[in-house]
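Next comes target06.cif, with mmCIF, C-alpha atoms.
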```cif
data_final
loop_
_atom_site.group_PDB
_atom_site.id
_atom_site.type_symbol
_atom_site.label_atom_id
_atom_site.label_comp_id
_atom_site.auth_asym_id
_atom_site.auth_seq_id
_atom_site.Cartn_x
_atom_site.Cartn_y
_atom_site.Cartn_z
ATOM 1 C CA MET A 1 234.429 133.683 150.656
ATOM 2 C CA SER A 2 232.818 130.716 148.975
ATOM 3 C CA ASP A 3 233.162 130.139 145.259
ATOM 4 C CA THR A 4 229.574 128.927 144.982
ATOM 5 C CA THR A 5 227.854 130.232 141.869
ATOM 6 C CA VAL A 6 224.581 132.134 142.011
ATOM 7 C CA ASP A 7 221.872 132.219 139.363
ATOM 8 C CA ILE A 8 221.794 135.951 138.559
ATOM 9 C CA GLY A 9 218.757 135.554 136.254
ATOM 10 C CA PRO A 10 215.955 135.835 138.824
ATOM 11 C CA GLN A 11 217.413 139.005 140.371
ATOM 12 C CA ALA A 12 218.114 140.514 136.936
ATOM 13 C CA ARG A 13 214.452 139.949 136.016
ATOM 14 C CA ILE A 14 213.327 141.614 139.262
ATOM 15 C CA VAL A 15 215.474 144.656 138.487
ATOM 16 C CA ALA A 16 214.139 144.730 134.893
ATOM 17 C CA ARG A 17 210.593 144.794 136.306
ATOM 18 C CA LEU A 18 211.546 147.705 138.560
ATOM 19 C CA VAL A 19 213.101 149.571 135.623
ATOM 20 C CA HIS A 20 209.883 149.052 133.661
ATOM 21 C CA GLY A 21 207.949 150.584 136.580
ATOM 22 C CA VAL A 22 209.929 153.843 136.623
ATOM 23 C CA ARG A 23 207.853 156.746 135.295
ATOM 24 C CA GLU A 24 209.390 159.605 133.319
ATOM 25 C CA ASP A 25 208.336 162.073 136.037
ATOM 26 C CA GLN A 26 210.437 160.100 138.570
ATOM 27 C CA LEU A 27 213.789 160.432 136.798
ATOM 28 C CA ASP A 28 214.885 163.448 138.849
ATOM 29 C CA LEU A 29 213.840 162.046 142.243
ATOM 30 C CA PRO A 30 216.560 161.484 144.867
ATOM 31 C CA THR A 31 217.808 157.987 145.614
ATOM 32 C CA PRO A 32 219.596 156.362 148.559
ATOM 33 C CA CYS A 33 222.813 156.768 146.500
ATOM 34 C CA PRO A 34 224.254 160.162 147.480
ATOM 35 C CA ASP A 35 224.437 162.573 144.531
ATOM 36 C CA TYR A 36 222.415 160.244 142.266
ATOM 37 C CA ALA A 37 218.934 160.982 141.026
ATOM 38 C CA VAL A 38 216.917 158.082 139.609
ATOM 39 C CA ARG A 39 218.266 158.880 136.123
ATOM 40 C CA HIS A 40 221.870 158.476 137.325
ATOM 41 C CA LEU A 41 221.048 155.261 139.140
ATOM 42 C CA LEU A 42 219.509 153.829 135.956
ATOM 43 C CA GLY A 43 222.577 155.003 134.016
ATOM 44 C CA HIS A 44 224.746 153.238 136.583
ATOM 45 C CA LEU A 45 222.738 150.037 136.091
ATOM 46 C CA GLY A 46 223.447 150.222 132.359
ATOM 47 C CA GLY A 47 227.145 150.728 133.029
ATOM 48 C CA LEU A 48 227.369 147.909 135.542
ATOM 49 C CA CYS A 49 225.638 145.542 133.102
ATOM 50 C CA ALA A 50 228.326 146.349 130.538
ATOM 51 C CA GLY A 51 231.245 146.291 132.974
ATOM 52 C CA LEU A 52 230.292 143.225 134.996
ATOM 53 C CA GLY A 53 229.243 141.420 131.830
ATOM 54 C CA ALA A 54 232.706 142.062 130.386
ATOM 55 C CA ALA A 55 234.233 140.884 133.680
ATOM 56 C CA GLY A 56 232.288 137.627 133.464
ATOM 57 C CA ARG A 57 233.432 137.082 129.866
ATOM 58 C CA LYS A 58 237.028 137.914 130.944
ATOM 59 C CA ASP A 59 236.940 140.631 128.271
ATOM 60 C CA THR A 60 239.233 143.048 130.085
ATOM 61 C CA GLY A 61 239.687 146.570 128.807
ATOM 62 C CA PRO A 62 237.903 149.902 129.138
ATOM 63 C CA LEU A 63 234.673 148.362 130.460
ATOM 64 C CA THR A 64 236.477 146.547 133.278
ATOM 65 C CA ASP A 65 239.112 149.189 134.016
ATOM 66 C CA THR A 66 236.819 152.106 134.907
ATOM 67 C CA ALA A 67 236.353 152.594 138.624
ATOM 68 C CA PRO A 68 232.703 152.894 139.682
ATOM 69 C CA GLY A 69 231.779 156.401 140.697
ATOM 70 C CA SER A 70 234.529 157.987 138.599
ATOM 71 C CA THR A 71 231.852 159.946 136.745
ATOM 72 C CA ARG A 72 228.157 160.540 137.272
ATOM 73 C CA PRO A 73 226.470 158.080 134.921
ATOM 74 C CA GLU A 74 224.185 159.543 132.319
ATOM 75 C CA LEU A 75 220.981 157.875 131.232
ATOM 76 C CA ALA A 76 220.859 156.774 127.599
ATOM 77 C CA PRO A 77 217.857 158.096 125.650
ATOM 78 C CA ASP A 78 216.724 154.526 124.879
ATOM 79 C CA TRP A 79 217.102 153.341 128.501
ATOM 80 C CA ARG A 80 213.623 151.884 128.761
ATOM 81 C CA ALA A 81 214.218 149.603 125.768
ATOM 82 C CA ALA A 82 217.939 148.985 126.421
ATOM 83 C CA LEU A 83 218.152 148.162 130.142
ATOM 84 C CA PRO A 84 215.996 144.995 130.306
ATOM 85 C CA PRO A 85 217.944 143.214 127.519
ATOM 86 C CA ALA A 86 221.228 144.386 129.098
ATOM 87 C CA LEU A 87 220.116 142.787 132.372
ATOM 88 C CA ASP A 88 219.206 139.584 130.494
ATOM 89 C CA ASP A 89 222.632 139.578 128.831
ATOM 90 C CA LEU A 90 224.334 140.071 132.208
ATOM 91 C CA ALA A 91 222.450 137.091 133.642
ATOM 92 C CA GLU A 92 223.374 134.982 130.614
ATOM 93 C CA VAL A 93 227.084 135.787 131.036
ATOM 94 C CA TRP A 94 227.017 134.750 134.701
ATOM 95 C CA ASP A 95 225.050 131.597 133.864
ATOM 96 C CA ASP A 96 228.255 130.250 132.297
ATOM 97 C CA ALA A 97 230.362 128.410 134.904
ATOM 98 C CA ALA A 98 233.524 129.810 133.260
ATOM 99 C CA ALA A 99 232.534 133.309 134.416
ATOM 100 C CA TRP A 100 232.968 132.185 138.030
ATOM 101 C CA GLU A 101 236.391 130.602 137.459
ATOM 102 C CA GLY A 102 239.876 132.091 137.328
ATOM 103 C CA MET A 103 240.697 135.763 137.603
ATOM 104 C CA THR A 104 239.094 138.801 135.982
ATOM 105 C CA ARG A 105 238.932 142.587 136.327
ATOM 106 C CA ALA A 106 236.052 144.776 137.456
ATOM 107 C CA GLY A 107 236.057 148.422 138.444
ATOM 108 C CA GLY A 108 239.772 148.616 137.750
ATOM 109 C CA LEU A 109 240.600 145.821 140.218
ATOM 110 C CA GLU A 110 241.837 142.281 139.662
ATOM 111 C CA LEU A 111 239.667 139.771 141.481
ATOM 112 C CA PRO A 112 238.592 136.151 141.306
ATOM 113 C CA GLY A 113 235.686 135.456 138.972
ATOM 114 C CA ALA A 114 233.729 134.056 141.936
ATOM 115 C CA VAL A 115 234.066 137.382 143.763
ATOM 116 C CA ALA A 116 233.050 139.309 140.638
ATOM 117 C CA GLY A 117 229.954 137.093 140.461
ATOM 118 C CA LEU A 118 229.083 137.940 144.068
ATOM 119 C CA VAL A 119 229.636 141.630 143.264
ATOM 120 C CA THR A 120 227.195 141.241 140.361
ATOM 121 C CA ALA A 121 224.551 139.723 142.642
ATOM 122 C CA ASP A 122 225.157 142.418 145.250
ATOM 123 C CA GLU A 123 224.938 145.272 142.758
ATOM 124 C CA LEU A 124 221.613 143.976 141.469
ATOM 125 C CA VAL A 125 220.190 143.442 144.969
ATOM 126 C CA VAL A 126 221.265 146.779 146.409
ATOM 127 C CA HIS A 127 220.498 148.884 143.331
ATOM 128 C CA GLY A 128 217.169 147.086 142.946
ATOM 129 C CA TRP A 129 216.375 148.286 146.472
ATOM 130 C CA ASP A 130 217.592 151.782 145.546
ATOM 131 C CA VAL A 131 215.300 151.963 142.504
ATOM 132 C CA ALA A 132 212.325 150.521 144.375
ATOM 133 C CA ARG A 133 212.758 152.805 147.369
ATOM 134 C CA ALA A 134 213.235 155.949 145.243
ATOM 135 C CA THR A 135 210.213 155.229 143.032
ATOM 136 C CA GLY A 136 207.835 153.742 145.607
ATOM 137 C CA GLN A 137 207.762 150.231 144.147
ATOM 138 C CA GLU A 138 207.404 146.968 146.038
ATOM 139 C CA TYR A 139 210.625 145.003 146.257
ATOM 140 C CA THR A 140 211.400 141.453 147.230
ATOM 141 C CA PRO A 141 214.845 140.407 146.006
ATOM 142 C CA ASP A 142 215.756 136.909 144.921
ATOM 143 C CA GLU A 143 216.778 134.925 148.013
ATOM 144 C CA ALA A 144 219.955 133.438 146.480
ATOM 145 C CA ALA A 145 221.163 136.831 145.247
ATOM 146 C CA LEU A 146 220.346 138.387 148.632
ATOM 147 C CA ARG A 147 222.406 135.737 150.438
ATOM 148 C CA ALA A 148 225.274 136.270 147.965
ATOM 149 C CA ALA A 149 225.152 140.012 148.709
ATOM 150 C CA GLU A 150 225.275 139.286 152.437
ATOM 151 C CA GLN A 151 228.271 137.002 151.906
ATOM 152 C CA LEU A 152 230.093 139.691 149.943
ATOM 153 C CA LEU A 153 229.268 142.617 152.240
ATOM 154 C CA ALA A 154 229.756 141.097 155.687
ATOM 155 C CA PRO A 155 232.818 142.655 157.346
ATOM 156 C CA GLN A 156 235.549 140.025 157.281
ATOM 157 C CA ASP A 157 237.132 141.083 160.579
ATOM 158 C CA GLY A 158 233.954 141.780 162.539
ATOM 159 C CA GLY A 159 234.699 145.506 162.432
ATOM 160 C CA GLY A 160 232.381 148.381 161.639
ATOM 161 C CA ASP A 161 233.460 148.941 158.047
ATOM 162 C CA GLY A 162 232.099 146.880 155.230
ATOM 163 C CA LEU A 163 233.265 146.555 151.660
ATOM 164 C CA PHE A 164 231.676 149.867 150.618
ATOM 165 C CA GLY A 165 232.175 151.935 153.771
ATOM 166 C CA PRO A 166 230.727 152.316 157.226
ATOM 167 C CA VAL A 167 228.026 149.807 158.036
ATOM 168 C CA VAL A 168 224.684 151.267 159.101
ATOM 169 C CA PRO A 169 223.603 149.334 162.209
ATOM 170 C CA VAL A 170 220.216 147.645 162.091
ATOM 171 C CA PRO A 171 218.232 146.199 165.014
ATOM 172 C CA ASP A 172 218.842 142.612 166.085
ATOM 173 C CA GLY A 173 216.427 140.354 164.265
ATOM 174 C CA ALA A 174 216.032 142.754 161.314
ATOM 175 C CA PRO A 175 215.044 141.142 158.004
ATOM 176 C CA LEU A 176 217.946 139.946 155.853
ATOM 177 C CA LEU A 177 217.274 142.662 153.255
ATOM 178 C CA ASP A 178 217.593 145.376 155.917
ATOM 179 C CA ARG A 179 220.827 143.795 157.144
ATOM 180 C CA VAL A 180 222.263 143.707 153.613
ATOM 181 C CA ILE A 181 221.233 147.297 152.962
ATOM 182 C CA GLY A 182 222.872 148.329 156.248
ATOM 183 C CA LEU A 183 226.016 146.403 155.287
ATOM 184 C CA SER A 184 226.065 148.359 152.018
ATOM 185 C CA GLY A 185 226.310 151.607 153.986
ATOM 186 C CA ARG A 186 222.705 152.634 153.386
ATOM 187 C CA ASP A 187 220.019 153.325 155.952
ATOM 188 C CA PRO A 188 217.243 150.727 155.481
ATOM 189 C CA SER A 189 214.687 153.295 156.686
ATOM 190 C CA TRP A 190 215.596 155.764 153.881
ATOM 191 C CA LYS A 191 212.634 157.452 152.242
ATOM 192 C CA PRO A 192 212.596 160.086 149.479
#
```
Any chance you could put this one into structure tokens?
Amino acid sequence: MSDTTVDIGPQARIVARLVHGVREDQLDLPTPCPDYAVRHLLGHLGGLCAGLGAAGRKDTGPLTDTAPGSTRPELAPDWRAALPPALDDLAEVWDDAAAWEGMTRAGGLELPGAVAGLVTADELVVHGWDVARATGQEYTPDEAALRAAEQLLAPQDGGGDGLFGPVVPVPDGAPLLDRVIGLSGRDPSWKP
């Protein structure tokens, strides 16, 4: 895996726009994330902003030691006001070259800062798609973040399992976003 840094800011702003577009009556809709309604997915976004922000600052502790999926994330009452600035803060953390250097912790695992940065890009790309798909919004991810997600998710041994589980095959020549979504273990044709 390359240690090339990625500007997280454009993708964070895209996700913030998607969050802004979620209506209150959509919070209980299903999402491509099994067992997550839109409200849980938004809660997860808040948690990943905190956890991956702490990972980028090398501020290890409870925020970096909790495994993702260990609990169903709850949506904070002030989510609409809190999530966009949390996404901005996350982008600011990863704008610092020091975030990409050395070792850190995320999700209870020790990993290089460069890998944690790719995880951050991937989380924003894939969960942006999740939010958009669940709420019927248009979605075009940032190209650099999308390529970082592909780099992170591509099976290293050419096998059928990716980083997050079984890869969902997509047709040859499928758009890069569909390929990344398939690599994440989601079906790119998912509809609510």
To verify the selection step, state as a PDB file with C-alpha atoms, in the frame of the given file which residues the PyMOL selection byres ((chain A and resi 126) around 12) yields on this input.
```
ATOM      1  CA  GLN A  11     217.413 139.005 140.371  1.00  0.00           C
ATOM      2  CA  ALA A  12     218.114 140.514 136.936  1.00  0.00           C
ATOM      3  CA  ILE A  14     213.327 141.614 139.262  1.00  0.00           C
ATOM      4  CA  VAL A  15     215.474 144.656 138.487  1.00  0.00           C
ATOM      5  CA  THR A  31     217.808 157.987 145.614  1.00  0.00           C
ATOM      6  CA  PRO A  32     219.596 156.362 148.559  1.00  0.00           C
ATOM      7  CA  CYS A  33     222.813 156.768 146.500  1.00  0.00           C
ATOM      8  CA  LEU A  41     221.048 155.261 139.140  1.00  0.00           C
ATOM      9  CA  LEU A  45     222.738 150.037 136.091  1.00  0.00           C
ATOM     10  CA  VAL A 119     229.636 141.630 143.264  1.00  0.00           C
ATOM     11  CA  THR A 120     227.195 141.241 140.361  1.00  0.00           C
ATOM     12  CA  ALA A 121     224.551 139.723 142.642  1.00  0.00           C
ATOM     13  CA  ASP A 122     225.157 142.418 145.250  1.00  0.00           C
ATOM     14  CA  GLU A 123     224.938 145.272 142.758  1.00  0.00           C
ATOM     15  CA  LEU A 124     221.613 143.976 141.469  1.00  0.00           C
ATOM     16  CA  VAL A 125     220.190 143.442 144.969  1.00  0.00           C
ATOM     17  CA  HIS A 127     220.498 148.884 143.331  1.00  0.00           C
ATOM     18  CA  GLY A 128     217.169 147.086 142.946  1.00  0.00           C
ATOM     19  CA  TRP A 129     216.375 148.286 146.472  1.00  0.00           C
ATOM     20  CA  ASP A 130     217.592 151.782 145.546  1.00  0.00           C
ATOM     21  CA  VAL A 131     215.300 151.963 142.504  1.00  0.00           C
ATOM     22  CA  ALA A 132     212.325 150.521 144.375  1.00  0.00           C
ATOM     23  CA  ARG A 133     212.758 152.805 147.369  1.00  0.00           C
ATOM     24  CA  TYR A 139     210.625 145.003 146.257  1.00  0.00           C
ATOM     25  CA  THR A 140     211.400 141.453 147.230  1.00  0.00           C
ATOM     26  CA  PRO A 141     214.845 140.407 146.006  1.00  0.00           C
ATOM     27  CA  ASP A 142     215.756 136.909 144.921  1.00  0.00           C
ATOM     28  CA  ALA A 145     221.163 136.831 145.247  1.00  0.00           C
ATOM     29  CA  LEU A 146     220.346 138.387 148.632  1.00  0.00           C
ATOM     30  CA  ARG A 147     222.406 135.737 150.438  1.00  0.00           C
ATOM     31  CA  ALA A 148     225.274 136.270 147.965  1.00  0.00           C
ATOM     32  CA  ALA A 149     225.152 140.012 148.709  1.00  0.00           C
ATOM     33  CA  GLU A 150     225.275 139.286 152.437  1.00  0.00           C
ATOM     34  CA  LEU A 152     230.093 139.691 149.943  1.00  0.00           C
ATOM     35  CA  LEU A 153     229.268 142.617 152.240  1.00  0.00           C
ATOM     36  CA  PHE A 164     231.676 149.867 150.618  1.00  0.00           C
ATOM     37  CA  LEU A 177     217.274 142.662 153.255  1.00  0.00           C
ATOM     38  CA  ASP A 178     217.593 145.376 155.917  1.00  0.00           C
ATOM     39  CA  ARG A 179     220.827 143.795 157.144  1.00  0.00           C
ATOM     40  CA  VAL A 180     222.263 143.707 153.613  1.00  0.00           C
ATOM     41  CA  ILE A 181     221.233 147.297 152.962  1.00  0.00           C
ATOM     42  CA  GLY A 182     222.872 148.329 156.248  1.00  0.00           C
ATOM     43  CA  LEU A 183     226.016 146.403 155.287  1.00  0.00           C
ATOM     44  CA  SER A 184     226.065 148.359 152.018  1.00  0.00           C
ATOM     45  CA  GLY A 185     226.310 151.607 153.986  1.00  0.00           C
ATOM     46  CA  ARG A 186     222.705 152.634 153.386  1.00  0.00           C
ATOM     47  CA  ASP A 187     220.019 153.325 155.952  1.00  0.00           C
ATOM     48  CA  PRO A 188     217.243 150.727 155.481  1.00  0.00           C
TER      49      PRO A 188
END
```
Within 10 Å of range 50-56 of chain A, which residues of range 99-166 of chain A show up? Give each one with its shortest atom-to-atom distance in Å (one decimal) and the two atoms involved, counting only C-alpha atoms, rows by chain then rising residue number, as a tab-separated table.
```
residue	atom	partner	partner_atom	distance
A:Ala99	CA	A:Gly56	CA	4.4
A:Trp100	CA	A:Gly56	CA	7.1
A:Glu101	CA	A:Gly56	CA	9.1
A:Met103	CA	A:Ala55	CA	9.1
A:Thr104	CA	A:Ala55	CA	5.8
A:Arg105	CA	A:Ala55	CA	5.7
A:Ala106	CA	A:Ala55	CA	5.7
A:Gly107	CA	A:Gly51	CA	7.6
A:Glu110	CA	A:Ala55	CA	9.8
A:Leu111	CA	A:Ala55	CA	9.6
A:Pro112	CA	A:Ala55	CA	10.0
A:Gly113	CA	A:Gly56	CA	6.8
A:Ala114	CA	A:Gly56	CA	9.3
A:Ala116	CA	A:Ala55	CA	7.2
A:Gly117	CA	A:Gly56	CA	7.4
A:Val119	CA	A:Leu52	CA	8.4
A:Thr120	CA	A:Leu52	CA	6.5
A:Glu123	CA	A:Leu52	CA	9.6
```
**Asked** Restricting the calculation to all atoms listed in the file, which member of A:Pro192, A:Gly136, A:Pro171, A:Pro166 is positioned closest to Ala37 in chain A?
**Response**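 Result for the nearest residue to Ala37 in chain A: A:Pro192.
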Centre and edge lengths of an axis-aligned box around all listed atoms of range 27-44 of chain A, with 3 Å added on each side, are to be given in Å to one decimal, as JSON.
```
{"center_x": 219.3, "center_y": 158.3, "center_z": 141.3, "size_x": 17.0, "size_y": 16.2, "size_z": 20.5}
```
Distance table requested - range 35-136 of chain A against range 20-23 of chain A, cut-off 10 Å, all atoms listed in the file: one row per qualifying residue with the closest atom pair and its distance in Å to one decimal, ordered by chain and rising residue number, as a tab-separated table.
```
residue	atom	partner	partner_atom	distance
A:Val38	CA	A:Val22	CA	8.7
A:Arg39	CA	A:Val22	CA	9.8
A:Leu42	CA	A:Val22	CA	9.6
A:Trp79	CA	A:His20	CA	9.9
A:Arg80	CA	A:His20	CA	6.8
A:Ala81	CA	A:His20	CA	9.0
A:Leu83	CA	A:His20	CA	9.0
A:Pro84	CA	A:His20	CA	8.1
A:Val131	CA	A:Val22	CA	8.2
A:Ala132	CA	A:Val22	CA	8.8
A:Ala134	CA	A:Val22	CA	9.5
A:Thr135	CA	A:Val22	CA	6.6
A:Gly136	CA	A:Val22	CA	9.2
```
**Prompt:** To one decimal place, how far is CA of Gln137 in chain A from CA of Ala76 in chain A in Å?
**Reply:**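 The value is 22.1 Å.
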**Request:** Have a look at CA of Ala144 in chain A and CA of Cys49 in chain A and let me know their distance in Å, one decimal.
**Result:**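 These atoms are spaced 18.9 Å apart.
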**Request:** Considering only C-alpha atoms, state which residue in the set A:Asp96, A:Leu176, A:His44, A:Pro169 is at the smallest distance from Glu143 in chain A.
**Result:** A:Leu176
**Request:** Could you check how far CA of Ala82 in chain A sits from CA of Gly43 in chain A, in Å to one decimal?
**Result:**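 Calculated distance between CA of Ala82 in chain A and CA of Gly43 in chain A is 10.7 Å.
Residues matched by the PyMOL selection byres ((chain A and resi 108) around 6) in this file are Thr64, Asp65, Thr66, Ala67, Ala106, Gly107 and Leu109 of chain A.
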Could range 52-63 of chain A be completed with N, CA, C and O atoms and returned as an mmCIF file, keeping the file's coordinate frame?
```
data_model
loop_
_atom_site.group_PDB
_atom_site.id
_atom_site.type_symbol
_atom_site.label_atom_id
_atom_site.label_comp_id
_atom_site.auth_asym_id
_atom_site.auth_seq_id
_atom_site.Cartn_x
_atom_site.Cartn_y
_atom_site.Cartn_z
ATOM 1 N N LEU A 52 230.273 144.535 134.346
ATOM 2 C CA LEU A 52 230.292 143.225 134.996
ATOM 3 C C LEU A 52 230.035 142.095 134.000
ATOM 4 O O LEU A 52 230.479 140.972 134.211
ATOM 5 N N GLY A 53 229.361 142.407 132.904
ATOM 6 C CA GLY A 53 229.243 141.420 131.830
ATOM 7 C C GLY A 53 230.600 141.151 131.203
ATOM 8 O O GLY A 53 230.985 140.002 130.980
ATOM 9 N N ALA A 54 231.356 142.222 130.934
ATOM 10 C CA ALA A 54 232.706 142.062 130.386
ATOM 11 C C ALA A 54 233.598 141.310 131.373
ATOM 12 O O ALA A 54 234.406 140.465 130.974
ATOM 13 N N ALA A 55 233.447 141.590 132.661
ATOM 14 C CA ALA A 55 234.233 140.884 133.680
ATOM 15 C C ALA A 55 233.925 139.392 133.648
ATOM 16 O O ALA A 55 234.826 138.559 133.740
ATOM 17 N N GLY A 56 232.671 139.030 133.519
ATOM 18 C CA GLY A 56 232.288 137.627 133.464
ATOM 19 C C GLY A 56 232.805 136.931 132.220
ATOM 20 O O GLY A 56 233.152 135.745 132.264
ATOM 21 N N ARG A 57 232.894 137.662 131.112
ATOM 22 C CA ARG A 57 233.432 137.082 129.866
ATOM 23 C C ARG A 57 234.959 137.105 129.845
ATOM 24 O O ARG A 57 235.566 136.624 128.904
ATOM 25 N N LYS A 58 235.571 137.731 130.866
ATOM 26 C CA LYS A 58 237.028 137.914 130.944
ATOM 27 C C LYS A 58 237.512 138.781 129.785
ATOM 28 O O LYS A 58 238.618 138.630 129.275
ATOM 29 N N ASP A 59 236.647 139.705 129.363
ATOM 30 C CA ASP A 59 236.940 140.631 128.271
ATOM 31 C C ASP A 59 237.449 141.930 128.895
ATOM 32 O O ASP A 59 236.718 142.919 129.000
ATOM 33 N N THR A 60 238.696 141.899 129.363
ATOM 34 C CA THR A 60 239.233 143.048 130.085
ATOM 35 C C THR A 60 239.593 144.173 129.118
ATOM 36 O O THR A 60 239.970 143.937 127.976
ATOM 37 N N GLY A 61 239.428 145.378 129.607
ATOM 38 C CA GLY A 61 239.687 146.570 128.807
ATOM 39 C C GLY A 61 238.952 147.744 129.413
ATOM 40 O O GLY A 61 238.718 147.780 130.629
ATOM 41 N N PRO A 62 238.543 148.697 128.603
ATOM 42 C CA PRO A 62 237.903 149.902 129.138
ATOM 43 C C PRO A 62 236.671 149.634 130.015
ATOM 44 O O PRO A 62 236.461 150.319 131.009
ATOM 45 N N LEU A 63 235.876 148.636 129.672
ATOM 46 C CA LEU A 63 234.673 148.362 130.460
ATOM 47 C C LEU A 63 234.989 147.808 131.843
ATOM 48 O O LEU A 63 234.211 147.975 132.780
#
```
